[in-house]
>>> print(open('work-v4.cif').read())   # mmCIF, C-alpha atoms and all ligand atoms
data_entry
#
loop_
_atom_site.group_PDB
_atom_site.id
_atom_site.type_symbol
_atom_site.label_atom_id
_atom_site.label_comp_id
_atom_site.auth_asym_id
_atom_site.auth_seq_id
_atom_site.Cartn_x
_atom_site.Cartn_y
_atom_site.Cartn_z
ATOM 1 C CA MET I 94 18.297 10.155 0.805
ATOM 2 C CA LEU I 95 14.518 9.894 1.063
ATOM 3 C CA GLY I 96 14.239 13.556 0.068
ATOM 4 C CA THR I 97 16.306 12.944 -3.066
ATOM 5 C CA LEU I 98 14.231 9.882 -3.907
ATOM 6 C CA SER I 99 11.020 11.837 -3.398
ATOM 7 C CA ARG I 100 12.132 14.803 -5.548
ATOM 8 C CA GLY I 101 13.270 12.416 -8.279
ATOM 9 C CA TRP I 102 9.932 10.620 -8.267
ATOM 10 C CA GLY I 103 7.809 13.779 -8.228
ATOM 11 C CA ASN I 104 4.078 12.967 -8.526
ATOM 12 C CA ASP I 105 3.233 15.763 -6.077
ATOM 13 C CA GLY I 106 -0.197 15.532 -4.527
ATOM 14 C CA TYR I 107 -0.198 11.724 -4.665
ATOM 15 C CA ALA I 108 3.169 10.469 -3.470
ATOM 16 C CA ALA I 109 3.739 10.058 0.255
ATOM 17 C CA ASN I 110 5.343 12.974 2.120
ATOM 18 C CA LEU I 111 8.729 12.684 3.806
ATOM 19 C CA ASP I 112 7.412 11.892 7.295
ATOM 20 C CA TYR I 113 5.342 9.038 5.969
ATOM 21 C CA LEU I 114 8.167 7.765 3.748
ATOM 22 C CA GLU I 115 10.461 7.719 6.765
ATOM 23 C CA GLU I 116 7.980 5.669 8.797
ATOM 24 C CA VAL I 117 7.471 3.254 5.884
ATOM 25 C CA ALA I 118 11.253 2.962 5.447
ATOM 26 C CA LYS I 119 11.831 2.200 9.142
ATOM 27 C CA ASN I 120 9.225 -0.534 9.137
ATOM 28 C CA ALA I 121 10.266 -1.916 5.743
ATOM 29 C CA ALA I 122 13.866 -2.240 6.924
ATOM 30 C CA THR I 123 12.955 -4.333 9.953
ATOM 31 C CA THR I 124 9.711 -6.211 9.284
ATOM 32 C CA GLU I 125 9.766 -9.976 8.986
ATOM 33 C CA GLY I 126 6.796 -9.670 6.618
ATOM 34 C CA PRO I 127 4.878 -10.487 4.611
ATOM 35 C CA VAL I 128 3.807 -6.950 3.672
ATOM 36 C CA LEU I 129 0.498 -5.720 2.270
ATOM 37 C CA GLU I 130 0.251 -2.349 0.579
ATOM 38 C CA CYS I 131 -2.934 -0.518 -0.399
ATOM 39 C CA GLY I 132 -2.230 1.966 -3.202
ATOM 40 C CA SER I 133 1.072 1.694 -5.047
ATOM 41 C CA GLY I 134 3.695 4.313 -5.873
ATOM 42 C CA LEU I 135 6.943 5.533 -4.390
ATOM 43 C CA THR I 136 6.264 3.556 -1.206
ATOM 44 C CA THR I 137 6.113 0.361 -3.286
ATOM 45 C CA LEU I 138 9.630 0.979 -4.567
ATOM 46 C CA LEU I 139 10.835 1.677 -1.045
ATOM 47 C CA LEU I 140 9.262 -1.536 0.261
ATOM 48 C CA GLY I 141 11.009 -3.489 -2.486
ATOM 49 C CA MET I 142 14.354 -1.852 -1.818
ATOM 50 C CA LEU I 143 14.268 -2.296 1.958
ATOM 51 C CA ALA I 144 12.138 -5.397 2.563
ATOM 52 C CA GLY I 145 12.300 -7.192 -0.799
ATOM 53 C CA ARG I 146 16.067 -7.140 -0.799
ATOM 54 C CA ARG I 147 15.963 -9.070 2.505
ATOM 55 C CA GLY I 148 13.646 -11.680 0.973
ATOM 56 C CA VAL I 149 10.450 -10.219 2.482
ATOM 57 C CA LYS I 150 7.631 -10.124 -0.032
ATOM 58 C CA THR I 151 5.213 -7.225 -0.613
ATOM 59 C CA ARG I 152 1.807 -7.506 -2.305
ATOM 60 C CA SER I 153 0.471 -4.149 -3.366
ATOM 61 C CA LEU I 154 -3.210 -3.671 -4.238
ATOM 62 C CA GLU I 155 -3.697 -1.224 -7.118
ATOM 63 C CA HIS I 156 -7.033 -0.278 -8.679
ATOM 64 C CA SER I 157 -5.710 1.594 -11.717
ATOM 65 C CA PRO I 158 -4.432 -0.707 -14.511
ATOM 66 C CA GLU I 159 -2.354 2.108 -16.043
ATOM 67 C CA TRP I 160 -0.716 2.990 -12.711
ATOM 68 C CA ARG I 161 -0.104 -0.672 -11.941
ATOM 69 C CA GLN I 162 1.658 -1.040 -15.279
ATOM 70 C CA ARG I 163 3.793 2.017 -14.619
ATOM 71 C CA ILE I 164 4.893 0.875 -11.149
ATOM 72 C CA SER I 165 5.549 -2.689 -12.345
ATOM 73 C CA ALA I 166 7.719 -1.337 -15.180
ATOM 74 C CA VAL I 167 9.776 0.782 -12.758
ATOM 75 C CA LEU I 168 10.234 -2.235 -10.471
ATOM 76 C CA THR I 169 11.412 -4.389 -13.382
ATOM 77 C CA LYS I 170 13.710 -1.716 -14.822
ATOM 78 C CA ASN I 171 15.429 -1.213 -11.479
ATOM 79 C CA ARG I 172 15.532 -4.935 -10.680
ATOM 80 C CA ILE I 173 13.554 -4.457 -7.486
ATOM 81 C CA ALA I 174 12.445 -7.952 -6.503
ATOM 82 C CA ASN I 175 9.848 -9.503 -4.219
ATOM 83 C CA VAL I 176 7.076 -7.020 -4.996
ATOM 84 C CA GLU I 177 3.866 -7.970 -6.761
ATOM 85 C CA VAL I 178 1.461 -5.214 -7.801
ATOM 86 C CA LEU I 179 -1.964 -6.836 -7.998
ATOM 87 C CA ASN I 180 -4.714 -5.690 -10.289
ATOM 88 C CA SER I 181 -7.496 -4.912 -7.793
ATOM 89 C CA PRO I 182 -10.347 -2.787 -9.192
ATOM 90 C CA LEU I 183 -12.483 -0.921 -6.698
ATOM 91 C CA ARG I 184 -15.710 -2.714 -5.834
ATOM 92 C CA ASP I 185 -18.888 -1.480 -4.184
ATOM 93 C CA TYR I 186 -19.465 -3.369 -0.925
ATOM 94 C CA GLY I 187 -22.617 -1.449 0.027
ATOM 95 C CA ASN I 188 -21.802 1.373 2.424
ATOM 96 C CA PHE I 189 -18.162 1.453 1.358
ATOM 97 C CA SER I 190 -15.977 0.640 -1.639
ATOM 98 C CA TRP I 191 -12.628 -1.086 -1.455
ATOM 99 C CA TYR I 192 -10.284 -3.182 -3.570
ATOM 100 C CA ASP I 193 -11.648 -6.326 -5.131
ATOM 101 C CA ALA I 194 -8.607 -8.152 -3.810
ATOM 102 C CA PRO I 195 -7.905 -11.858 -4.404
ATOM 103 C CA LEU I 196 -8.224 -12.470 -0.643
ATOM 104 C CA GLN I 197 -8.234 -16.263 -0.947
ATOM 105 C CA ASP I 198 -4.819 -16.165 -2.704
ATOM 106 C CA LEU I 199 -3.151 -13.889 -0.174
ATOM 107 C CA PRO I 200 -1.275 -14.903 2.990
ATOM 108 C CA ASP I 201 -3.195 -14.663 6.262
ATOM 109 C CA ASN I 202 -0.212 -13.518 8.307
ATOM 110 C CA PHE I 203 0.649 -10.010 7.100
ATOM 111 C CA ARG I 204 2.854 -8.266 9.638
ATOM 112 C CA LEU I 205 3.037 -4.865 8.006
ATOM 113 C CA VAL I 206 0.325 -2.953 6.131
ATOM 114 C CA VAL I 207 1.145 0.262 4.314
ATOM 115 C CA CYS I 208 -2.164 1.980 3.750
ATOM 116 C CA ASP I 209 -2.213 4.931 1.321
ATOM 117 C CA GLY I 210 -5.144 3.894 -0.852
ATOM 118 C CA PRO I 211 -7.728 3.727 -2.194
ATOM 119 C CA PRO I 212 -7.904 7.454 -3.076
ATOM 120 C CA GLY I 213 -9.564 9.751 -0.536
ATOM 121 C CA MET I 214 -12.722 10.336 -2.596
ATOM 122 C CA THR I 215 -13.570 6.598 -2.539
ATOM 123 C CA LYS I 216 -16.849 5.853 -0.730
ATOM 124 C CA GLY I 217 -15.962 5.018 2.893
ATOM 125 C CA GLY I 218 -12.296 5.988 2.391
ATOM 126 C CA ARG I 219 -10.032 3.218 3.692
ATOM 127 C CA TYR I 220 -12.631 1.641 5.944
ATOM 128 C CA GLY I 221 -12.620 -1.567 3.861
ATOM 129 C CA LEU I 222 -9.165 -2.551 5.118
ATOM 130 C CA LEU I 223 -10.400 -3.519 8.560
ATOM 131 C CA ARG I 224 -13.835 -4.688 7.436
ATOM 132 C CA LEU I 225 -12.506 -7.074 4.777
ATOM 133 C CA PHE I 226 -8.980 -7.761 5.786
ATOM 134 C CA SER I 227 -8.594 -8.112 9.535
ATOM 135 C CA VAL I 228 -8.382 -11.905 9.221
ATOM 136 C CA GLY I 229 -5.264 -11.487 7.071
ATOM 137 C CA LEU I 230 -3.335 -9.715 9.820
ATOM 138 C CA THR I 231 -1.171 -11.500 12.312
ATOM 139 C CA ASN I 232 -1.239 -10.573 16.021
ATOM 140 C CA GLY I 233 0.885 -7.475 16.524
ATOM 141 C CA ALA I 234 0.740 -6.481 12.849
ATOM 142 C CA VAL I 235 1.658 -2.840 12.221
ATOM 143 C CA ILE I 236 -0.536 -0.642 10.020
ATOM 144 C CA VAL I 237 1.175 2.497 8.745
ATOM 145 C CA HIS I 238 -1.681 4.753 7.690
ATOM 146 C CA ASP I 239 -1.215 7.895 5.610
ATOM 147 C CA ASP I 240 -3.575 10.895 5.818
ATOM 148 C CA ALA I 241 -4.410 9.840 9.379
ATOM 149 C CA GLY I 242 -5.731 13.315 10.218
ATOM 150 C CA ARG I 243 -8.584 13.282 7.663
ATOM 151 C CA PRO I 244 -12.050 12.917 9.246
ATOM 152 C CA GLY I 245 -12.781 9.547 7.561
ATOM 153 C CA GLU I 246 -9.414 8.151 8.592
ATOM 154 C CA VAL I 247 -9.817 9.366 12.182
ATOM 155 C CA GLU I 248 -13.092 7.436 12.257
ATOM 156 C CA LEU I 249 -11.356 4.319 10.887
ATOM 157 C CA LEU I 250 -8.577 4.546 13.460
ATOM 158 C CA LYS I 251 -11.130 4.858 16.283
HETATM 159 C C1 LIG R 301 -2.105 8.370 -2.570
HETATM 160 S S1 LIG R 301 -1.761 7.368 -3.973
HETATM 161 C C2 LIG R 301 -0.580 6.198 -3.356
HETATM 162 C C3 LIG R 301 0.774 6.800 -3.355
HETATM 163 C C4 LIG R 301 1.920 5.914 -2.915
HETATM 164 N N1 LIG R 301 1.788 5.449 -1.548
HETATM 165 C C5 LIG R 301 3.209 6.713 -3.059
HETATM 166 O O1 LIG R 301 3.905 6.960 -2.059
HETATM 167 O O2 LIG R 301 3.526 7.116 -4.201
HETATM 168 C C6 LIG R 301 -3.204 6.358 -4.063
HETATM 169 C C7 LIG R 301 -3.598 5.989 -5.476
HETATM 170 O O3 LIG R 301 -3.633 7.142 -6.295
HETATM 171 C C8 LIG R 301 -3.419 6.770 -7.648
HETATM 172 N N2 LIG R 301 -2.434 7.686 -8.239
HETATM 173 C C9 LIG R 301 -1.132 7.777 -7.956
HETATM 174 N N3 LIG R 301 -0.572 8.777 -8.660
HETATM 175 C C10 LIG R 301 -1.553 9.311 -9.429
HETATM 176 C C11 LIG R 301 -1.595 10.375 -10.364
HETATM 177 N N4 LIG R 301 -0.516 11.097 -10.670
HETATM 178 N N5 LIG R 301 -2.772 10.647 -10.933
HETATM 179 C C12 LIG R 301 -3.871 9.955 -10.646
HETATM 180 N N6 LIG R 301 -3.902 8.912 -9.759
HETATM 181 C C13 LIG R 301 -2.749 8.608 -9.145
HETATM 182 C C14 LIG R 301 -2.946 5.315 -7.671
HETATM 183 O O4 LIG R 301 -4.025 4.520 -8.154
HETATM 184 C C15 LIG R 301 -2.667 5.035 -6.194
HETATM 185 O O5 LIG R 301 -2.977 3.714 -5.847
#
>>> encode(input="work-v4.cif", output="structure tokens")
Amino acid sequence: MLGTLSRGWGNDGYAANLDYLEEVAKNAATTEGPVLECGSGLTTLLLGMLAGRRGVKTRSLEHSPEWRQRISAVLTKNRIANVEVLNSPLRDYGNFSWYDAPLQDLPDNFRLVVCDGPPGMTKGGRYGLLRLFSVGLTNGAVIVHDDAGRPGEVELLK
């Protein structure tokens, strides 16, 4: 089913691969939430279908206004509820860049983080998640991190 969904969505080179989709799906189907996503796309739809349907809300940070609009339109068209794609331009924080997220308006008890953004060429990669956001994670929160084998991501995981 995930394979069919993935082929239908396309967007090769950007969309999550099947292994990652499966891991996101497993966690989305069971998490008590709330859910934070970094970088929207096919995974956002999956989170809405598996967590949103159970009343668990996802906030997805998206730096591209055009992409945000596209994902929001697909969510609306397919009546996928409980997902908010937030306009979060990338901001320079000195030695890394990350989303300019409305941190003060977000919950401080995220239980699941789906991390597939910002794009790999961003200064510092995904380092900003833990630098800026660790206070928003509850004890035992799960972070599902794509591209975990890339040198910058290995460093972040360490
Ligand atoms: C790796 S993608 C996130 C993909 C998402 N997790 C999924 O499964 O579809 C990270 C960012 O790339 C950007 N992006 C997605 N598709 C794109 C495309 N076709 N061209 C350019 N940028 C794209 C979006 O801003 C997105 O937040």
>>> closest_atom_pairs(input="work-v4.cif", of="chain I", to="ligand LIG 301 (chain R)", cutoff="6 Å", atoms="all atoms listed in the file", output="Markdown table")
| residue | atom | partner | partner_atom | distance |
| --- | --- | --- | --- | --- |
| I:Asn104 | CA | R:LIG301 | N4 | 5.4 |
| I:Tyr107 | CA | R:LIG301 | C1 | 4.4 |
| I:Ala108 | CA | R:LIG301 | O2 | 3.5 |
| I:Ala109 | CA | R:LIG301 | O1 | 3.9 |
| I:Gly132 | CA | R:LIG301 | O5 | 3.3 |
| I:Ser133 | CA | R:LIG301 | O5 | 4.6 |
| I:Gly134 | CA | R:LIG301 | O2 | 3.3 |
| I:Leu135 | CA | R:LIG301 | O2 | 3.8 |
| I:Thr136 | CA | R:LIG301 | O1 | 4.2 |
| I:Glu155 | CA | R:LIG301 | O5 | 5.1 |
| I:His156 | CA | R:LIG301 | O4 | 5.7 |
| I:Ser157 | CA | R:LIG301 | O4 | 4.9 |
| I:Trp160 | CA | R:LIG301 | O4 | 5.8 |
| I:Asp209 | CA | R:LIG301 | N1 | 5.0 |
| I:Gly210 | CA | R:LIG301 | C6 | 4.5 |
| I:Pro211 | CA | R:LIG301 | C6 | 5.6 |
| I:Pro212 | CA | R:LIG301 | C6 | 4.9 |
>>> closest_residue(input="work-v4.cif", among="I:Ser153, I:Ser190, I:Ser181, I:Thr169", to="Pro127 of chain I", atoms="all atoms listed in the file")
I:Ser153
>>> closest_atom_pairs(input="work-v4.cif", of="segment 131-216 of chain I", to="segment 221-228 of chain I", cutoff="12 Å", atoms="all atoms listed in the file", output="CSV")
residue,atom,partner,partner_atom,distance
I:Cys131,CA,I:Leu222,CA,8.6
I:Gly132,CA,I:Leu222,CA,11.7
I:Leu154,CA,I:Leu222,CA,11.1
I:Leu183,CA,I:Gly221,CA,10.6
I:Arg184,CA,I:Gly221,CA,10.2
I:Asp185,CA,I:Gly221,CA,10.2
I:Tyr186,CA,I:Gly221,CA,8.5
I:Gly187,CA,I:Gly221,CA,10.7
I:Asn188,CA,I:Gly221,CA,9.7
I:Phe189,CA,I:Gly221,CA,6.8
I:Ser190,CA,I:Gly221,CA,6.8
I:Trp191,CA,I:Gly221,CA,5.3
I:Tyr192,CA,I:Gly221,CA,8.0
I:Asp193,CA,I:Leu225,CA,10.0
I:Ala194,CA,I:Leu225,CA,9.5
I:Pro195,CA,I:Phe226,CA,11.0
I:Leu196,CA,I:Phe226,CA,8.0
I:Gln197,CA,I:Phe226,CA,10.9
I:Leu199,CA,I:Phe226,CA,10.3
I:Pro200,CA,I:Val228,CA,9.9
I:Asp201,CA,I:Val228,CA,6.6
I:Asn202,CA,I:Val228,CA,8.4
I:Phe203,CA,I:Val228,CA,9.5
I:Arg204,CA,I:Ser227,CA,11.4
I:Val206,CA,I:Leu222,CA,9.6
I:Val207,CA,I:Leu222,CA,10.7
I:Cys208,CA,I:Leu222,CA,8.5
I:Asp209,CA,I:Leu222,CA,10.9
I:Gly210,CA,I:Leu222,CA,9.7
I:Pro211,CA,I:Gly221,CA,9.4
I:Thr215,CA,I:Gly221,CA,10.4
I:Lys216,CA,I:Gly221,CA,9.7
>>> resolve_selection(input="work-v4.cif", expression="the PyMOL selection byres (((chain I and resi 233) around 10) and not hetatm)", output="ChimeraX atom specification")
/I:203-205,230-232,234-236
>>> atom_distance(input="work-v4.cif", atom1="atom CA of Leu143 of chain I", atom2="atom CA of Ala241 of chain I")
23.5 Å
>>> resolve_selection(input="work-v4.cif", expression="the PyMOL selection byres (((chain I and resi 249) around 10) and not hetatm)", output="PDB file with C-alpha atoms, in the frame of the given file")
ATOM      1  CA  GLY I 217     -15.962   5.018   2.893  1.00  0.00           C
ATOM      2  CA  GLY I 218     -12.296   5.988   2.391  1.00  0.00           C
ATOM      3  CA  ARG I 219     -10.032   3.218   3.692  1.00  0.00           C
ATOM      4  CA  TYR I 220     -12.631   1.641   5.944  1.00  0.00           C
ATOM      5  CA  GLY I 221     -12.620  -1.567   3.861  1.00  0.00           C
ATOM      6  CA  LEU I 222      -9.165  -2.551   5.118  1.00  0.00           C
ATOM      7  CA  LEU I 223     -10.400  -3.519   8.560  1.00  0.00           C
ATOM      8  CA  ARG I 224     -13.835  -4.688   7.436  1.00  0.00           C
ATOM      9  CA  ALA I 241      -4.410   9.840   9.379  1.00  0.00           C
ATOM     10  CA  ARG I 243      -8.584  13.282   7.663  1.00  0.00           C
ATOM     11  CA  PRO I 244     -12.050  12.917   9.246  1.00  0.00           C
ATOM     12  CA  GLY I 245     -12.781   9.547   7.561  1.00  0.00           C
ATOM     13  CA  GLU I 246      -9.414   8.151   8.592  1.00  0.00           C
ATOM     14  CA  VAL I 247      -9.817   9.366  12.182  1.00  0.00           C
ATOM     15  CA  GLU I 248     -13.092   7.436  12.257  1.00  0.00           C
ATOM     16  CA  LEU I 250      -8.577   4.546  13.460  1.00  0.00           C
ATOM     17  CA  LYS I 251     -11.130   4.858  16.283  1.00  0.00           C
TER      18      LYS I 251
END
>>> resolve_selection(input="work-v4.cif", expression="the PyMOL selection byres (((chain I and resi 174-176) around 8) and not hetatm)", output="ChimeraX atom specification")
/I:137,140-142,145-146,148-153,168-169,172-173,177-178
>>> atom_distance(input="work-v4.cif", atom1="atom CA of Thr123 of chain I", atom2="atom CA of Asn180 of chain I")
26.9 Å
